[in-house]
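Below: one structure, written as structure tokens.
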There are 2 protein chains.
Amino acid sequence: MTLDNDPLSDTFAALADPTRRAILARLADGPATVGELAEPFPISAPAVSRHLKVLEHAKLIRRVKEAQWRRCKLEPERLHAAAAWIEQYRRFWEAQFDSLTEFIDALKNERDVAEERDPHDDDGNRST
Amino acid sequence: MTLDNDPLSDTFAALADPTRRAILARLADGPATVGELAEPFPISAPAVSRHLKVLEHAKLIRRVKEAQWRRCKLEPERLHAAAAWIEQYRRFWEAQFDSLTEFIDALKNERDVAEERDPHDDDGNRST
DNA sequence: CCTATATTTAACCGAAACGTTAATTAACGT
DNA sequence: ACGTTAATTAACGTTTCGGTTAAATATAGG
């Protein structure tokens, strides 16, 4: 639902795409232009542009015009809201598990994949 | 449906639907049968069944057969993973904001809506 | 003004999401 | 065995999503 649903749905929908998550991860290292963001991905510029529009609509990023570039910048407020929503269930997993390290590892792996070239390969661990 | 993508995509995609979030919220109060879960929603039983299948595929719930019922139960591990992923960005929002209460309020609102009758209500909490 | 660069919009396509109703499977109670 | 209840699967339609290429827009700079 691209229309103005509830913010939480927009946030989670935006996060449901690995390319968009990779874009956010890259943006966590600092602002970047659309071209810089598009460079690692094997998809066309319009496709990236649309991903950015989704992220912007979800208010996960903000784009500021700068000459002929649009510099993108992380906007963490909605991530905060999403985390707060999930945190409701903290008592559940705390009651059952306590293994945090594997999740940290998993997200680090995804981060590496994003930093590389191919964002839609989940177990594509590789070395350089 | 989401064929075997990465788990994180499945998790966020599952959370992107307000009906499914409401189902999870209800399940946070304890296990329930499909019929019990379907009752508050104005959609058909097959639609609910499919939502449950999405949640089960994403491993956010588990269904155990019990006579002619299928009791659904929250499975928090993937929520944990999703929270862990988002937590990467904690430093960003901590650097910029500190208003936590409004998010708590927002999720309470969504919870109320779910508990009521109509799960697809948008809570326009903030301006713009 | 003209051109190169950066990015978006338009038009289109196939696949997936989400809803429906009708039919089906499974288990219970009598 | 039969009928009832619980839930799913089948078949179908509409909308959204994610990708493409081609065209449009905007800005910098000779």
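Identifiers in this document derive from the order of the structure tokens: chains are assigned A, B, ..., residues are numbered from 1 separately in each chain, and ligands are numbered from 1 in order of occurrence.
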
Leaving out Val34 (chain B) and any residue of its chain fewer than 5 positions from it, which residues lie within 8 Å of it when counting only C-alpha atoms (C1' of nucleotides), given as an mmCIF file with N, CA and C atoms (P, O5', C5', C4', C3', O3' and C1' of nucleotides), in the first residue's frame?
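Listed below is the output, out-v5.cif:
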```cif
data_model
loop_
_atom_site.group_PDB
_atom_site.id
_atom_site.type_symbol
_atom_site.label_atom_id
_atom_site.label_comp_id
_atom_site.auth_asym_id
_atom_site.auth_seq_id
_atom_site.Cartn_x
_atom_site.Cartn_y
_atom_site.Cartn_z
ATOM 1 N N VAL B 48 -7.622 -14.899 6.751
ATOM 2 C CA VAL B 48 -6.889 -15.039 8.013
ATOM 3 C C VAL B 48 -5.944 -16.224 7.946
ATOM 4 N N SER B 49 -6.435 -17.301 7.382
ATOM 5 C CA SER B 49 -5.605 -18.499 7.254
ATOM 6 C C SER B 49 -4.323 -18.193 6.495
ATOM 7 N N TRP B 69 -8.655 -28.234 16.122
ATOM 8 C CA TRP B 69 -8.171 -26.858 16.116
ATOM 9 C C TRP B 69 -6.673 -26.799 15.842
ATOM 10 N N ARG B 70 -6.252 -25.656 15.404
ATOM 11 C CA ARG B 70 -4.817 -25.405 15.281
ATOM 12 C C ARG B 70 -4.473 -24.230 16.166
ATOM 13 N N ARG B 71 -3.831 -24.535 17.243
ATOM 14 C CA ARG B 71 -3.523 -23.481 18.209
ATOM 15 C C ARG B 71 -2.268 -22.745 17.765
ATOM 16 N N CYS B 72 -2.377 -21.424 17.710
ATOM 17 C CA CYS B 72 -1.256 -20.589 17.275
ATOM 18 C C CYS B 72 -0.564 -19.980 18.478
ATOM 19 P P DA D 7 -9.863 -23.313 14.197
ATOM 20 O "O5'" DA D 7 -9.343 -23.493 12.704
ATOM 21 C "C5'" DA D 7 -8.484 -24.605 12.429
ATOM 22 C "C4'" DA D 7 -8.322 -24.785 10.940
ATOM 23 C "C3'" DA D 7 -7.772 -23.576 10.179
ATOM 24 O "O3'" DA D 7 -6.387 -23.794 9.960
ATOM 25 C "C1'" DA D 7 -9.442 -24.800 8.961
#
```

Original post:
Counting only C-alpha atoms (C1' of nucleotides), what is within 12 Å of DA22 (chain D), bar same-chain residues fewer than 4 positions away, as a PyMOL selection string?
Top reply: (chain A and resi 46) or (chain C and resi 9-12)

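In chain C, the set of residues within 9 Å of chain A (atoms considered: only C-alpha atoms (C1' of nucleotides)) is DT5, DA6, DT7 and DT8 of chain C.
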
Subject >> Non-local contacts of Leu15 (chain A) (8 Å; only C-alpha atoms (C1' of nucleotides); under 6 positions in same chain excluded) as a ChimeraX atom specification >> reply: /A:21 /B:9,12-13

Please produce a file of the residues just selected, as a PDB file, in the first residue's frame, where the atoms kept are C-alpha atoms.
```pdb
ATOM      1  CA  ARG A  21      18.178  -2.431   3.804  1.00  0.00           C
TER       2      ARG A  21
ATOM      3  CA  SER B   9      12.969  -9.898   4.492  1.00  0.00           C
ATOM      4  CA  PHE B  12       9.716  -7.426   7.857  1.00  0.00           C
ATOM      5  CA  ALA B  13       7.313  -8.336   5.062  1.00  0.00           C
TER       6      ALA B  13
END
```

**OP:** Define the interface residues of chain D facing chain B as those within 10 Å, counting only C-alpha atoms (C1' of nucleotides), and report them as a ChimeraX atom specification.
**Re:** /D:5-9

For the selection you just gave me, I'd like the residues written to a file as a short mmCIF file (atom, residue, chain, number, x, y, z; two decimals), in the first residue's frame, keeping C-alpha atoms (C1' of nucleotides).
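To be explicit, this is the file written out as out23.cif:
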```cif
data_model
loop_
_atom_site.label_atom_id
_atom_site.label_comp_id
_atom_site.auth_asym_id
_atom_site.auth_seq_id
_atom_site.Cartn_x
_atom_site.Cartn_y
_atom_site.Cartn_z
"C1'" DT D 5 -17.44 -27.42 13.15
"C1'" DA D 6 -12.53 -25.93 12.15
"C1'" DA D 7 -9.44 -24.80 8.96
"C1'" DT D 8 -7.28 -25.16 4.58
"C1'" DT D 9 -6.80 -25.37 -0.48
#
```

Original post:
Residues of chain A within 7 Å of chain B, using only C-alpha atoms, as a ChimeraX atom specification?
Top reply: /A:5-6,9-10,12-13,15-18,76-77,79-81,83-86,92-93,103-104,107,122

Please produce an output containing N, CA and C atoms for each residue in the selection, written as a JSON list (two decimals), in the first residue's frame.
```json
[["chain", "number", "residue", "atom", "x", "y", "z"],
["A", 5, "ASN", "N", -0.88, 4.80, 4.53],
["A", 5, "ASN", "CA", -1.34, 3.87, 5.54],
["A", 5, "ASN", "C", -0.84, 4.32, 6.89],
["A", 6, "ASP", "N", -0.72, 3.38, 7.76],
["A", 6, "ASP", "CA", -0.08, 3.72, 9.02],
["A", 6, "ASP", "C", 1.43, 3.71, 8.81],
["A", 9, "SER", "N", 3.37, 0.28, 9.00],
["A", 9, "SER", "CA", 3.30, -0.58, 7.81],
["A", 9, "SER", "C", 4.28, -0.11, 6.75],
["A", 10, "ASP", "N", 4.33, 1.19, 6.55],
["A", 10, "ASP", "CA", 5.28, 1.72, 5.57],
["A", 10, "ASP", "C", 6.72, 1.41, 5.97],
["A", 12, "PHE", "N", 7.90, -1.09, 7.91],
["A", 12, "PHE", "CA", 8.24, -2.50, 7.75],
["A", 12, "PHE", "C", 8.27, -2.91, 6.29],
["A", 13, "ALA", "N", 7.35, -2.38, 5.51],
["A", 13, "ALA", "CA", 7.36, -2.70, 4.08],
["A", 13, "ALA", "C", 8.66, -2.22, 3.44],
["A", 15, "LEU", "N", 11.49, -1.89, 4.91],
["A", 15, "LEU", "CA", 12.60, -2.72, 5.42],
["A", 15, "LEU", "C", 12.55, -4.14, 4.87],
["A", 16, "ALA", "N", 11.47, -4.51, 4.24],
["A", 16, "ALA", "CA", 11.31, -5.89, 3.77],
["A", 16, "ALA", "C", 12.12, -6.18, 2.51],
["A", 17, "ASP", "N", 12.73, -5.17, 1.94],
["A", 17, "ASP", "CA", 13.51, -5.38, 0.72],
["A", 17, "ASP", "C", 15.00, -5.31, 1.02],
["A", 18, "PRO", "N", 15.76, -6.34, 0.64],
["A", 18, "PRO", "CA", 17.19, -6.37, 0.98],
["A", 18, "PRO", "C", 17.98, -5.23, 0.34],
["A", 76, "PRO", "N", 16.43, 8.48, 11.31],
["A", 76, "PRO", "CA", 16.24, 7.30, 12.15],
["A", 76, "PRO", "C", 14.94, 7.24, 12.95],
["A", 77, "GLU", "N", 14.14, 8.28, 12.87],
["A", 77, "GLU", "CA", 12.98, 8.32, 13.77],
["A", 77, "GLU", "C", 12.04, 7.13, 13.58],
["A", 79, "LEU", "N", 12.77, 4.25, 12.31],
["A", 79, "LEU", "CA", 13.44, 3.04, 12.78],
["A", 79, "LEU", "C", 13.24, 2.90, 14.28],
["A", 80, "HIS", "N", 13.31, 4.02, 14.94],
["A", 80, "HIS", "CA", 13.07, 4.03, 16.37],
["A", 80, "HIS", "C", 11.67, 3.50, 16.68],
["A", 81, "ALA", "N", 10.70, 4.02, 15.92],
["A", 81, "ALA", "CA", 9.32, 3.59, 16.14],
["A", 81, "ALA", "C", 9.16, 2.09, 15.90],
["A", 83, "ALA", "N", 11.48, -0.21, 16.11],
["A", 83, "ALA", "CA", 12.14, -0.93, 17.21],
["A", 83, "ALA", "C", 11.26, -0.92, 18.45],
["A", 84, "ALA", "N", 10.64, 0.23, 18.70],
["A", 84, "ALA", "CA", 9.78, 0.32, 19.88],
["A", 84, "ALA", "C", 8.61, -0.65, 19.77],
["A", 85, "TRP", "N", 8.08, -0.78, 18.55],
["A", 85, "TRP", "CA", 6.96, -1.71, 18.38],
["A", 85, "TRP", "C", 7.41, -3.14, 18.68],
["A", 86, "ILE", "N", 8.53, -3.52, 18.10],
["A", 86, "ILE", "CA", 9.01, -4.88, 18.30],
["A", 86, "ILE", "C", 9.36, -5.14, 19.77],
["A", 92, "PHE", "N", 8.96, -11.92, 25.60],
["A", 92, "PHE", "CA", 8.79, -13.27, 25.07],
["A", 92, "PHE", "C", 10.13, -13.93, 24.77],
["A", 93, "TRP", "N", 10.95, -13.21, 24.04],
["A", 93, "TRP", "CA", 12.20, -13.88, 23.70],
["A", 93, "TRP", "C", 13.15, -13.94, 24.88],
["A", 103, "PHE", "N", 22.64, -13.26, 16.09],
["A", 103, "PHE", "CA", 21.91, -12.24, 15.34],
["A", 103, "PHE", "C", 22.84, -11.11, 14.93],
["A", 104, "ILE", "N", 23.69, -10.74, 15.82],
["A", 104, "ILE", "CA", 24.69, -9.73, 15.49],
["A", 104, "ILE", "C", 25.53, -10.20, 14.31],
["A", 107, "LEU", "N", 23.54, -10.01, 11.04],
["A", 107, "LEU", "CA", 23.40, -8.68, 10.45],
["A", 107, "LEU", "C", 24.73, -8.17, 9.93],
["A", 122, "ASP", "N", 21.69, -14.09, 0.12],
["A", 122, "ASP", "CA", 21.67, -14.10, 1.58],
["A", 122, "ASP", "C", 22.79, -14.91, 2.19]]
```

Subject >> Interatomic distance (Å, one decimal) between CA of Gly30 (chain A) and CA of Ser44 (chain A) >> reply: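 Pair CA of Gly30 (chain A) / CA of Ser44 (chain A) returns 22.5 Å.
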
**OP:** Using C1' of DG13 (chain D) and C1' of DT20 (chain C) as the two end points, give the distance in Å to one decimal.
**Re:**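 According to the coordinates, C1' of DG13 (chain D) and C1' of DT20 (chain C) are separated by 8.4 Å.
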
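Checking B:Ile43, B:Ala32, B:Arg26, B:Leu37 one by one against DC18 (chain C), counting only C-alpha atoms (C1' of nucleotides), you find the shortest gap at B:Ile43.
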
Original post:
Which distance in Å separates CA of Ala22 (chain B) and CA of Ile61 (chain A), to one decimal?
Top reply: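 Interatomic distance, CA of Ala22 (chain B) to CA of Ile61 (chain A): 26.6 Å.
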
**OP:** For DC13 (chain C), list every protein, DNA or RNA residue within 12 Å, evaluated using only C-alpha atoms (C1' of nucleotides), and leave out those in the same chain fewer than 2 positions away; present the list as a PyMOL selection string.
**Re:** (chain C and resi 11+15) or (chain D and resi 17-21)

Original post:
Which of these residues is nearest to Glu56 (chain A), using only C-alpha atoms: A:Asp29, A:Lys73, A:Thr19, A:Ala38?
Top reply: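 Of the candidates, the smallest distance to Glu56 (chain A) is held by A:Lys73.
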